[in-house]
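Chemist: My questions will all concern the structure given below.
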Amino acid sequence: MTQSRTHLLQELDRVPSATLTGRVVAVKGLLIECSGIEEVLSVGARVSVQGTFDAQHEVLCEVVGFREKVALLMPFHSVEGIGLGAKVTLVSNASTIEPSAAWLGRIVDAMGNPIDGKGPLMRGGIPYALRTNPPAATSRQRVAGKLDLGVRALNTFLTCCRGQRLGIFAGSGVGKSILMSMLARYSQADVNVIGLIGERGREVQEFIEDDLGEEGLKRSVLVVATSADSALMRRQAAYTTMAIAEYFRDQKHQVLCMMDSITRFAMAQREIGLSAGEPPTTKGYTPTVFAELPKLLERAGPGPVGSGAITGMFTVLVEGDDTNEPIADATRGILDGHIVLDREIAQRGRYPAINILKSVSRMLPDANNEFENQLLTTARRLMATYENMAELIRLGAYRRGTDPEVDRAMHYYPQLETFISQREHESATLEEGYTQLAKVLGIEQQAAAPKAEDGA
C-alpha cells in the first residue's frame, strides 16, 4: 500500500500545475518554429503540436534549439497537418522512462511503448532519464572478470571482460546481425538489451524469429527504430536502449548492451544538427555528433560500487569498408577494443568473418594468465606469417623448405581457420576455446608453467 501511495505521489508531482501554450510561426523542412513559450522551454523539452484543422491530430516534438526569439522543434513523426498558428503545448521538460523486470522478452519503440502485440508494459516506480551523465569516473568499479561470450574467436583472441566496451566494425552484409544473435543466445550475461537503430523494417522480424530466437528473446529487451522512423526517433532509440541497460545494471545484473548501429545514431544526430542550423564539418557530420558519441558510449561500462556492469557491443557500419572513416575513427578512440569483420573473409565462406590480426581487445594481455597469452602469441604469429606470404603461396611461387617459419605457418593455418570458424547455432565456452587452441597448436599446458630455476 505504501509503495502504491509513493508511486501515485510521484505521478502527481509530474503533472504540471498550469498548461503553457504557444503558437507555430514557421515550418521549414523538418523544423517547426514556435513562439510564445520559448522562455519556459529548454533543449530536450517535449511539446505537443495540435493539427491546424484537426484538433484530434497531435504531433509530439522535442526542443532542439533556439533562434532569436523562437524555439526550434523537431517532430517525432511527420509534420503533415501542422500549419501557421497551430497550438503548441508544453508536455514535459524531462524525458524519462520507467523500466521494470517485466520488460524482459518484450519489444519496445524509442518511446518505451510496446510494439510486440503482447499487451501493455508494467512500469517500474523509478524514472530513468533518457539523456544522463555516465557514473563519475572515481566512483566506478574496475573492469574485472572475463565474460563468456559463447563465440570461440572472441573468447580466445579478443577476450572480453565484464564492463568492457567493444566496437564491431563491418560493412553491410558481412555478418553483424548473425554475430549479435550468437552473443544474445550464448553469452553468460544475465540480461541482453538490444537496440536496433535505423534497421531495415523487413529485417526486424527476421532478426527476432530467425537470429535471436525464443532462447535469446526471453532474457532480452529489444528497442526498435527502423530506417522509416524520424531522425529524432532513431536517436532516441539509442538513449532508450542505454537507459534500460542502466536500470538492469542498478539491479546488480551483468548486462550485455548491443546496439546496431552507432553509425545510424550519428547519421540521425547529423540530420538533427543540420536542421537546427549547425555547420557541417567532416563528411557533413556536425560538431554535436562528435560531442554526443562519448556521452552515449561512456554510459556503458562498470557501474558504481554495489551495482552490476554494462558490457557494450556497438556495431559501426563502415562506409565502403573504410575503417578509418570519421565515425569509425571517433568510436574506436572511445571504446576498449574493436572487432573487425572482413568482407574478403566472408566471401571465402568463413564465419564469423573476424579479422583476428586487425582486431584488438584492450583488456589483453592482463586478463589472461601466462599459458593463455602464450597460446595467443603463437597463434597470432603463425597467422601473421601466413598472411604476409599469402600472395606468393596462392601463386605457387613459394617452395616448401625455403623458410621453416613459413612452412610451420602453412601447416597450422588451415587448422586455425577451422578453429576460428563457428556455425550460427553452435556455442563454445571459454575453457573449451583455450583447450581446443592448445590442441591445434600442440602446446601442453605444463609447458607454460614457470621453471623452478627462473626464480633463483
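Residue numbering restarts at 1 for every chain of the C-alpha cells, chains are lettered A, B, ... in their displayed order, and ligands are numbered from 1 as they appear.
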Using only C-alpha atoms, determine which residues lie at most 10 Å from stretch 405-408 of chain A, disregarding the query and same-chain residues fewer than 2 positions distant; provide the list as a PyMOL selection string.

Modeler: chain A and resi 381-390+393+398-403+410-413

Chemist: Can you tell me, as a ChimeraX atom specification, which residues in stretch 163-386 of chain A count as alpha helix (DSSP H) by DSSP?

Modeler: /A:176-186,201-206,213-217,231-250,262-275,287-297,326-334,343-347,370-386

Chemist: Write the selection just made, keeping C-alpha atoms, as an mmCIF file, in the first residue's frame?

Modeler:
```
data_model
loop_
_atom_site.group_PDB
_atom_site.id
_atom_site.type_symbol
_atom_site.label_atom_id
_atom_site.label_comp_id
_atom_site.auth_asym_id
_atom_site.auth_seq_id
_atom_site.Cartn_x
_atom_site.Cartn_y
_atom_site.Cartn_z
ATOM 1 C CA LYS A 176 26.980 -8.245 -37.910
ATOM 2 C CA SER A 177 23.435 -9.386 -37.164
ATOM 3 C CA ILE A 178 24.407 -13.067 -37.044
ATOM 4 C CA LEU A 179 27.265 -12.310 -34.634
ATOM 5 C CA MET A 180 24.922 -10.238 -32.441
ATOM 6 C CA SER A 181 22.374 -13.051 -32.348
ATOM 7 C CA MET A 182 25.078 -15.532 -31.261
ATOM 8 C CA LEU A 183 26.121 -13.190 -28.460
ATOM 9 C CA ALA A 184 22.499 -12.763 -27.337
ATOM 10 C CA ARG A 185 21.909 -16.532 -27.211
ATOM 11 C CA TYR A 186 25.206 -17.853 -25.865
ATOM 12 C CA GLY A 201 11.899 -2.752 -41.410
ATOM 13 C CA ARG A 202 11.685 -6.162 -43.079
ATOM 14 C CA GLU A 203 14.792 -7.405 -41.230
ATOM 15 C CA VAL A 204 13.474 -6.740 -37.727
ATOM 16 C CA GLN A 205 11.105 -9.732 -37.676
ATOM 17 C CA GLU A 206 13.776 -11.915 -39.304
ATOM 18 C CA GLY A 213 15.005 -16.964 -31.408
ATOM 19 C CA GLU A 214 12.926 -17.749 -28.335
ATOM 20 C CA GLU A 215 16.008 -18.617 -26.272
ATOM 21 C CA GLY A 216 17.623 -15.236 -26.871
ATOM 22 C CA LEU A 217 14.431 -13.192 -26.614
ATOM 23 C CA ALA A 231 15.829 11.124 -37.093
ATOM 24 C CA LEU A 232 14.605 12.045 -33.616
ATOM 25 C CA MET A 233 13.116 8.570 -33.061
ATOM 26 C CA ARG A 234 16.307 6.874 -34.278
ATOM 27 C CA ARG A 235 18.447 8.965 -31.954
ATOM 28 C CA GLN A 236 16.103 8.452 -29.020
ATOM 29 C CA ALA A 237 16.122 4.676 -29.540
ATOM 30 C CA ALA A 238 19.828 4.712 -28.656
ATOM 31 C CA TYR A 239 19.169 6.711 -25.472
ATOM 32 C CA THR A 240 16.265 4.424 -24.531
ATOM 33 C CA THR A 241 18.457 1.345 -25.029
ATOM 34 C CA MET A 242 21.072 2.752 -22.692
ATOM 35 C CA ALA A 243 18.522 3.835 -20.057
ATOM 36 C CA ILE A 244 17.040 0.308 -19.939
ATOM 37 C CA ALA A 245 20.551 -1.164 -19.613
ATOM 38 C CA GLU A 246 21.243 1.231 -16.715
ATOM 39 C CA TYR A 247 18.084 0.040 -14.936
ATOM 40 C CA PHE A 248 19.173 -3.601 -15.050
ATOM 41 C CA ARG A 249 22.721 -2.618 -14.054
ATOM 42 C CA ASP A 250 21.326 -0.894 -10.962
ATOM 43 C CA ILE A 262 26.286 3.643 -33.846
ATOM 44 C CA THR A 263 26.728 4.927 -37.397
ATOM 45 C CA ARG A 264 22.972 5.306 -37.853
ATOM 46 C CA PHE A 265 22.773 7.079 -34.490
ATOM 47 C CA ALA A 266 25.425 9.506 -35.773
ATOM 48 C CA MET A 267 23.538 9.972 -39.047
ATOM 49 C CA ALA A 268 20.348 10.782 -37.119
ATOM 50 C CA GLN A 269 22.218 13.331 -34.998
ATOM 51 C CA ARG A 270 23.666 14.814 -38.197
ATOM 52 C CA GLU A 271 20.154 15.290 -39.631
ATOM 53 C CA ILE A 272 19.006 16.973 -36.434
ATOM 54 C CA GLY A 273 22.075 19.201 -36.262
ATOM 55 C CA LEU A 274 21.854 20.317 -39.877
ATOM 56 C CA SER A 275 18.145 21.109 -39.497
ATOM 57 C CA PRO A 287 30.045 19.111 -34.226
ATOM 58 C CA THR A 288 27.325 17.720 -31.931
ATOM 59 C CA VAL A 289 27.772 14.257 -33.484
ATOM 60 C CA PHE A 290 31.289 14.012 -32.081
ATOM 61 C CA ALA A 291 30.124 15.528 -28.785
ATOM 62 C CA GLU A 292 27.221 13.067 -28.376
ATOM 63 C CA LEU A 293 29.207 9.889 -29.186
ATOM 64 C CA PRO A 294 31.280 9.830 -25.968
ATOM 65 C CA LYS A 295 28.252 10.879 -23.888
ATOM 66 C CA LEU A 296 26.355 7.832 -25.166
ATOM 67 C CA LEU A 297 29.168 5.265 -25.176
ATOM 68 C CA PRO A 326 35.144 9.690 -39.296
ATOM 69 C CA ILE A 327 32.574 7.833 -37.177
ATOM 70 C CA ALA A 328 34.627 4.616 -37.083
ATOM 71 C CA ASP A 329 37.742 6.561 -36.142
ATOM 72 C CA ALA A 330 35.989 8.543 -33.390
ATOM 73 C CA THR A 331 34.276 5.437 -31.969
ATOM 74 C CA ARG A 332 37.467 3.389 -31.944
ATOM 75 C CA GLY A 333 39.135 6.068 -29.822
ATOM 76 C CA ILE A 334 36.360 5.905 -27.198
ATOM 77 C CA ARG A 343 34.388 -8.784 -46.393
ATOM 78 C CA GLU A 344 37.155 -10.844 -48.047
ATOM 79 C CA ILE A 345 36.980 -13.401 -45.233
ATOM 80 C CA ALA A 346 33.181 -13.565 -45.566
ATOM 81 C CA GLN A 347 33.485 -14.040 -49.331
ATOM 82 C CA GLU A 370 50.788 -16.834 -18.864
ATOM 83 C CA PHE A 371 49.699 -20.018 -20.632
ATOM 84 C CA GLU A 372 46.754 -18.325 -22.371
ATOM 85 C CA ASN A 373 48.956 -15.454 -23.543
ATOM 86 C CA GLN A 374 51.485 -17.958 -24.879
ATOM 87 C CA LEU A 375 48.745 -19.601 -26.941
ATOM 88 C CA LEU A 376 47.548 -16.296 -28.390
ATOM 89 C CA THR A 377 51.056 -15.063 -29.184
ATOM 90 C CA THR A 378 51.913 -18.281 -31.002
ATOM 91 C CA ALA A 379 48.653 -18.374 -32.967
ATOM 92 C CA ARG A 380 48.814 -14.699 -33.964
ATOM 93 C CA ARG A 381 52.433 -15.062 -35.090
ATOM 94 C CA LEU A 382 51.542 -18.032 -37.284
ATOM 95 C CA MET A 383 48.579 -16.206 -38.842
ATOM 96 C CA ALA A 384 50.639 -13.056 -39.440
ATOM 97 C CA THR A 385 53.432 -15.072 -41.089
ATOM 98 C CA TYR A 386 50.954 -16.807 -43.389
#
```

Chemist: Ranking A:Ser421, A:Ser187, A:Ser227, A:Ser100 by minimum distance to A:Met313 and counting only C-alpha atoms, which one comes first?

Modeler: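 Checking each of A:Ser421, A:Ser187, A:Ser227, A:Ser100 against A:Met313, counting only C-alpha atoms, the winner is A:Ser187.
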
Chemist: Could you give me, as a list in words, each residue of stretch 181-306 of chain A that DSSP assigns to strand (DSSP E or B) when run on this structure's backbone?

Modeler: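 Reading the DSSP output for stretch 181-306 of chain A, strand (DSSP E or B) covers Val191, Asn192, Val193, Ile194, Gly195, Leu196, Ile197, Gly198, Glu199, Ser220, Val221, Leu222, Val223, Val224, Ala225, Thr226, Gln254, Val255, Leu256, Cys257, Met258, Met259, Asp260, Gly301, Pro302 and Pro304 of chain A.
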
Chemist: Can you spit out the residues from that selection as a short mmCIF file (atom, residue, chain, number, x, y, z; two decimals), in the first residue's frame, using N, CA, C and O atoms?

Modeler:
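The result, stored in selection-v5.cif:
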```cif
data_model
loop_
_atom_site.label_atom_id
_atom_site.label_comp_id
_atom_site.auth_asym_id
_atom_site.auth_seq_id
_atom_site.Cartn_x
_atom_site.Cartn_y
_atom_site.Cartn_z
N VAL A 191 21.36 -10.34 -18.60
CA VAL A 191 20.32 -9.66 -19.38
C VAL A 191 20.94 -9.10 -20.65
O VAL A 191 22.06 -8.57 -20.63
N ASN A 192 20.21 -9.20 -21.77
CA ASN A 192 20.60 -8.54 -23.01
C ASN A 192 19.66 -7.36 -23.26
O ASN A 192 18.44 -7.51 -23.16
N VAL A 193 20.23 -6.22 -23.58
CA VAL A 193 19.44 -5.08 -24.03
C VAL A 193 19.94 -4.74 -25.44
O VAL A 193 21.10 -4.40 -25.62
N ILE A 194 19.06 -4.88 -26.43
CA ILE A 194 19.47 -4.77 -27.83
C ILE A 194 18.74 -3.60 -28.47
O ILE A 194 17.50 -3.53 -28.44
N GLY A 195 19.50 -2.68 -29.04
CA GLY A 195 18.92 -1.54 -29.75
C GLY A 195 19.14 -1.68 -31.24
O GLY A 195 20.28 -1.76 -31.69
N LEU A 196 18.07 -1.75 -32.00
CA LEU A 196 18.15 -1.80 -33.47
C LEU A 196 17.85 -0.40 -33.97
O LEU A 196 16.69 0.02 -34.02
N ILE A 197 18.89 0.32 -34.33
CA ILE A 197 18.78 1.74 -34.67
C ILE A 197 18.83 1.91 -36.19
O ILE A 197 19.85 1.60 -36.82
N GLY A 198 17.75 2.37 -36.78
CA GLY A 198 17.73 2.59 -38.23
C GLY A 198 17.78 1.31 -39.03
O GLY A 198 18.22 1.31 -40.18
N GLU A 199 17.33 0.21 -38.45
CA GLU A 199 17.35 -1.09 -39.13
C GLU A 199 16.29 -1.13 -40.24
O GLU A 199 15.28 -0.45 -40.17
N SER A 220 16.00 -10.93 -23.03
CA SER A 220 16.39 -9.71 -23.74
C SER A 220 15.27 -8.68 -23.73
O SER A 220 14.10 -9.02 -23.59
N VAL A 221 15.66 -7.43 -23.90
CA VAL A 221 14.72 -6.35 -24.19
C VAL A 221 15.18 -5.73 -25.51
O VAL A 221 16.35 -5.38 -25.64
N LEU A 222 14.28 -5.63 -26.48
CA LEU A 222 14.61 -5.06 -27.79
C LEU A 222 14.01 -3.67 -27.92
O LEU A 222 12.84 -3.47 -27.61
N VAL A 223 14.83 -2.74 -28.37
CA VAL A 223 14.35 -1.38 -28.68
C VAL A 223 14.52 -1.20 -30.19
O VAL A 223 15.62 -1.37 -30.72
N VAL A 224 13.43 -0.88 -30.87
CA VAL A 224 13.45 -0.85 -32.34
C VAL A 224 13.04 0.52 -32.87
O VAL A 224 12.01 1.07 -32.46
N ALA A 225 13.86 1.06 -33.76
CA ALA A 225 13.51 2.25 -34.54
C ALA A 225 14.02 2.00 -35.95
O ALA A 225 15.23 1.93 -36.17
N THR A 226 13.13 1.80 -36.89
CA THR A 226 13.54 1.44 -38.24
C THR A 226 13.99 2.67 -39.03
O THR A 226 13.83 3.80 -38.59
N GLN A 254 24.52 -8.41 -14.58
CA GLN A 254 25.54 -8.24 -15.60
C GLN A 254 24.80 -8.09 -16.93
O GLN A 254 24.14 -9.02 -17.39
N VAL A 255 24.89 -6.91 -17.54
CA VAL A 255 24.10 -6.57 -18.72
C VAL A 255 25.00 -6.57 -19.96
O VAL A 255 26.10 -6.02 -19.94
N LEU A 256 24.51 -7.21 -21.03
CA LEU A 256 25.17 -7.11 -22.33
C LEU A 256 24.31 -6.19 -23.18
O LEU A 256 23.19 -6.53 -23.55
N CYS A 257 24.83 -4.98 -23.45
CA CYS A 257 24.10 -3.99 -24.24
C CYS A 257 24.66 -4.00 -25.66
O CYS A 257 25.84 -3.72 -25.88
N MET A 258 23.80 -4.33 -26.63
CA MET A 258 24.22 -4.36 -28.03
C MET A 258 23.42 -3.32 -28.81
O MET A 258 22.19 -3.24 -28.66
N MET A 259 24.13 -2.56 -29.63
CA MET A 259 23.48 -1.50 -30.38
C MET A 259 23.91 -1.58 -31.85
O MET A 259 25.10 -1.60 -32.16
N ASP A 260 22.93 -1.66 -32.74
CA ASP A 260 23.19 -1.77 -34.17
C ASP A 260 22.38 -0.68 -34.89
O ASP A 260 21.17 -0.83 -35.06
N GLY A 301 29.71 0.35 -19.35
CA GLY A 301 30.90 0.11 -18.55
C GLY A 301 30.52 -0.34 -17.15
O GLY A 301 29.35 -0.57 -16.84
N PRO A 302 31.51 -0.49 -16.27
CA PRO A 302 31.21 -0.91 -14.89
C PRO A 302 30.44 0.18 -14.16
O PRO A 302 30.68 1.37 -14.37
N PRO A 304 28.73 1.93 -10.46
CA PRO A 304 29.27 2.27 -9.14
C PRO A 304 29.33 1.04 -8.24
O PRO A 304 28.72 0.01 -8.53
#
```

Chemist: Using Å and a single decimal, report how far atom CA of A:Ser307 sits from atom CA of A:Leu104.

Modeler: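 A separation of 18.9 Å between them.
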
Chemist: If we count only C-alpha atoms and set the cut-off at 12 Å, which residues sit around A:Tyr434, ignoring sequence neighbours fewer than 4 positions away in its own chain? Please answer as a list in words.

Modeler: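 The neighbour list is Arg152, Ala153, Leu154, Asn155, Thr156, Phe157, Thr159, Asn368, Asn369, Phe371, Glu372, Asn373, Gln374, Leu375, Leu376, Ala379, Phe419, Ile420, Ala428, Thr429, Leu430, Ala438, Lys439, Val440, Leu441, Gly442, Ile443, Glu444 and Gln445 of chain A.
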
Chemist: With N, CA and C atoms retained, write the just-selected residues as a PDB file, in the first residue's frame.

Modeler:
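The resulting file, selection_37.pdb, is shown below:
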```
ATOM      1  N   ARG A 152      33.797 -18.646 -30.016  1.00  0.00           N
ATOM      2  CA  ARG A 152      35.157 -19.137 -29.803  1.00  0.00           C
ATOM      3  C   ARG A 152      36.224 -18.094 -30.163  1.00  0.00           C
ATOM      4  N   ALA A 153      36.087 -17.452 -31.319  1.00  0.00           N
ATOM      5  CA  ALA A 153      37.096 -16.491 -31.764  1.00  0.00           C
ATOM      6  C   ALA A 153      37.205 -15.310 -30.799  1.00  0.00           C
ATOM      7  N   LEU A 154      36.061 -14.851 -30.271  1.00  0.00           N
ATOM      8  CA  LEU A 154      36.070 -13.730 -29.340  1.00  0.00           C
ATOM      9  C   LEU A 154      36.591 -14.148 -27.979  1.00  0.00           C
ATOM     10  N   ASN A 155      36.167 -15.298 -27.491  1.00  0.00           N
ATOM     11  CA  ASN A 155      36.594 -15.757 -26.173  1.00  0.00           C
ATOM     12  C   ASN A 155      38.102 -15.916 -26.077  1.00  0.00           C
ATOM     13  N   THR A 156      38.721 -16.395 -27.145  1.00  0.00           N
ATOM     14  CA  THR A 156      40.158 -16.677 -27.095  1.00  0.00           C
ATOM     15  C   THR A 156      41.000 -15.483 -27.544  1.00  0.00           C
ATOM     16  N   PHE A 157      40.803 -15.023 -28.770  1.00  0.00           N
ATOM     17  CA  PHE A 157      41.672 -13.994 -29.326  1.00  0.00           C
ATOM     18  C   PHE A 157      41.302 -12.581 -28.896  1.00  0.00           C
ATOM     19  N   THR A 159      39.415 -11.591 -25.866  1.00  0.00           N
ATOM     20  CA  THR A 159      38.756 -11.821 -24.581  1.00  0.00           C
ATOM     21  C   THR A 159      38.091 -10.545 -24.063  1.00  0.00           C
ATOM     22  N   ASN A 368      44.521 -12.382 -19.173  1.00  0.00           N
ATOM     23  CA  ASN A 368      44.907 -13.790 -19.337  1.00  0.00           C
ATOM     24  C   ASN A 368      46.039 -14.185 -18.417  1.00  0.00           C
ATOM     25  N   ASN A 369      46.162 -15.500 -18.210  1.00  0.00           N
ATOM     26  CA  ASN A 369      47.335 -15.996 -17.499  1.00  0.00           C
ATOM     27  C   ASN A 369      48.466 -16.247 -18.501  1.00  0.00           C
ATOM     28  N   PHE A 371      49.924 -18.968 -19.638  1.00  0.00           N
ATOM     29  CA  PHE A 371      49.699 -20.018 -20.632  1.00  0.00           C
ATOM     30  C   PHE A 371      48.780 -19.523 -21.745  1.00  0.00           C
ATOM     31  N   GLU A 372      47.695 -18.826 -21.376  1.00  0.00           N
ATOM     32  CA  GLU A 372      46.754 -18.325 -22.371  1.00  0.00           C
ATOM     33  C   GLU A 372      47.406 -17.294 -23.290  1.00  0.00           C
ATOM     34  N   ASN A 373      48.248 -16.431 -22.718  1.00  0.00           N
ATOM     35  CA  ASN A 373      48.956 -15.454 -23.543  1.00  0.00           C
ATOM     36  C   ASN A 373      49.956 -16.125 -24.480  1.00  0.00           C
ATOM     37  N   GLN A 374      50.564 -17.219 -24.018  1.00  0.00           N
ATOM     38  CA  GLN A 374      51.485 -17.958 -24.879  1.00  0.00           C
ATOM     39  C   GLN A 374      50.743 -18.531 -26.088  1.00  0.00           C
ATOM     40  N   LEU A 375      49.555 -19.065 -25.848  1.00  0.00           N
ATOM     41  CA  LEU A 375      48.745 -19.601 -26.941  1.00  0.00           C
ATOM     42  C   LEU A 375      48.414 -18.522 -27.968  1.00  0.00           C
ATOM     43  N   LEU A 376      47.947 -17.364 -27.485  1.00  0.00           N
ATOM     44  CA  LEU A 376      47.548 -16.296 -28.390  1.00  0.00           C
ATOM     45  C   LEU A 376      48.735 -15.747 -29.172  1.00  0.00           C
ATOM     46  N   ALA A 379      49.650 -18.315 -31.894  1.00  0.00           N
ATOM     47  CA  ALA A 379      48.653 -18.374 -32.967  1.00  0.00           C
ATOM     48  C   ALA A 379      48.681 -17.115 -33.829  1.00  0.00           C
ATOM     49  N   PHE A 419      39.366 -23.556 -36.496  1.00  0.00           N
ATOM     50  CA  PHE A 419      39.138 -23.225 -35.085  1.00  0.00           C
ATOM     51  C   PHE A 419      38.344 -21.924 -34.944  1.00  0.00           C
ATOM     52  N   ILE A 420      38.700 -20.913 -35.737  1.00  0.00           N
ATOM     53  CA  ILE A 420      38.049 -19.601 -35.638  1.00  0.00           C
ATOM     54  C   ILE A 420      36.615 -19.657 -36.151  1.00  0.00           C
ATOM     55  N   ALA A 428      30.377 -22.100 -27.771  1.00  0.00           N
ATOM     56  CA  ALA A 428      31.678 -22.546 -27.265  1.00  0.00           C
ATOM     57  C   ALA A 428      31.990 -21.781 -25.988  1.00  0.00           C
ATOM     58  N   THR A 429      32.464 -22.474 -24.968  1.00  0.00           N
ATOM     59  CA  THR A 429      32.796 -21.832 -23.699  1.00  0.00           C
ATOM     60  C   THR A 429      34.233 -21.336 -23.712  1.00  0.00           C
ATOM     61  N   LEU A 430      34.565 -20.509 -22.737  1.00  0.00           N
ATOM     62  CA  LEU A 430      35.927 -20.005 -22.595  1.00  0.00           C
ATOM     63  C   LEU A 430      36.930 -21.142 -22.457  1.00  0.00           C
ATOM     64  N   ALA A 438      44.993 -25.004 -27.758  1.00  0.00           N
ATOM     65  CA  ALA A 438      46.224 -25.682 -27.341  1.00  0.00           C
ATOM     66  C   ALA A 438      46.393 -26.996 -28.099  1.00  0.00           C
ATOM     67  N   LYS A 439      45.283 -27.692 -28.324  1.00  0.00           N
ATOM     68  CA  LYS A 439      45.337 -28.951 -29.073  1.00  0.00           C
ATOM     69  C   LYS A 439      45.738 -28.713 -30.522  1.00  0.00           C
ATOM     70  N   VAL A 440      45.197 -27.636 -31.134  1.00  0.00           N
ATOM     71  CA  VAL A 440      45.536 -27.311 -32.519  1.00  0.00           C
ATOM     72  C   VAL A 440      47.026 -27.020 -32.651  1.00  0.00           C
ATOM     73  N   LEU A 441      47.573 -26.265 -31.693  1.00  0.00           N
ATOM     74  CA  LEU A 441      48.976 -25.854 -31.766  1.00  0.00           C
ATOM     75  C   LEU A 441      49.932 -26.887 -31.184  1.00  0.00           C
ATOM     76  N   GLY A 442      49.379 -27.918 -30.542  1.00  0.00           N
ATOM     77  CA  GLY A 442      50.230 -28.953 -29.954  1.00  0.00           C
ATOM     78  C   GLY A 442      51.032 -28.457 -28.771  1.00  0.00           C
ATOM     79  N   ILE A 443      50.442 -27.542 -27.992  1.00  0.00           N
ATOM     80  CA  ILE A 443      51.133 -26.989 -26.820  1.00  0.00           C
ATOM     81  C   ILE A 443      50.532 -27.592 -25.560  1.00  0.00           C
ATOM     82  N   GLU A 444      51.359 -28.155 -24.734  1.00  0.00           N
ATOM     83  CA  GLU A 444      50.910 -28.730 -23.470  1.00  0.00           C
ATOM     84  C   GLU A 444      50.847 -27.624 -22.421  1.00  0.00           C
ATOM     85  N   GLN A 445      49.825 -27.682 -21.565  1.00  0.00           N
ATOM     86  CA  GLN A 445      49.645 -26.631 -20.575  1.00  0.00           C
ATOM     87  C   GLN A 445      50.823 -26.521 -19.619  1.00  0.00           C
TER      88      GLN A 445
END
```

Chemist: I need the residue nearest A:Thr89 from this list: A:Ile37, A:Leu158, A:Ile354, A:Leu130. Use only C-alpha atoms for the distance.

Modeler: A:Ile37

Chemist: Hey, can you check how far atom CA of A:Asp229 sits from atom CA of A:Gly112?

Modeler: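 Atom-to-atom, atom CA of A:Asp229 to atom CA of A:Gly112, that is 14.6 Å.
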
Chemist: Taking into account only C-alpha atoms, which residue in the set A:Ser78, A:Thr96, A:Ser35, A:Ser359 is nearest to A:Gly22?

Modeler: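 Answer, going by the shortest atom-to-atom distance: A:Ser35.
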
Chemist: Atom CA of A:Gly44 to atom CA of A:Val63: how many Å, to one decimal?

Modeler: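 These atoms are spaced 5.2 Å apart.
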
Chemist: Skipping near chain neighbours, those fewer than 3 positions away, what residues fall within 8 Å of A:Val340 using only C-alpha atoms, listed as a ChimeraX atom specification?

Modeler: /A:168-170,354-356,358-359

Chemist: Looking at A:Val151, A:Ala367, A:Ala110, A:Ala409, which one is nearest to A:Glu424, with distances taken over only C-alpha atoms?

Modeler: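 Ranking A:Val151, A:Ala367, A:Ala110, A:Ala409 by distance to A:Glu424, first place goes to A:Val151.
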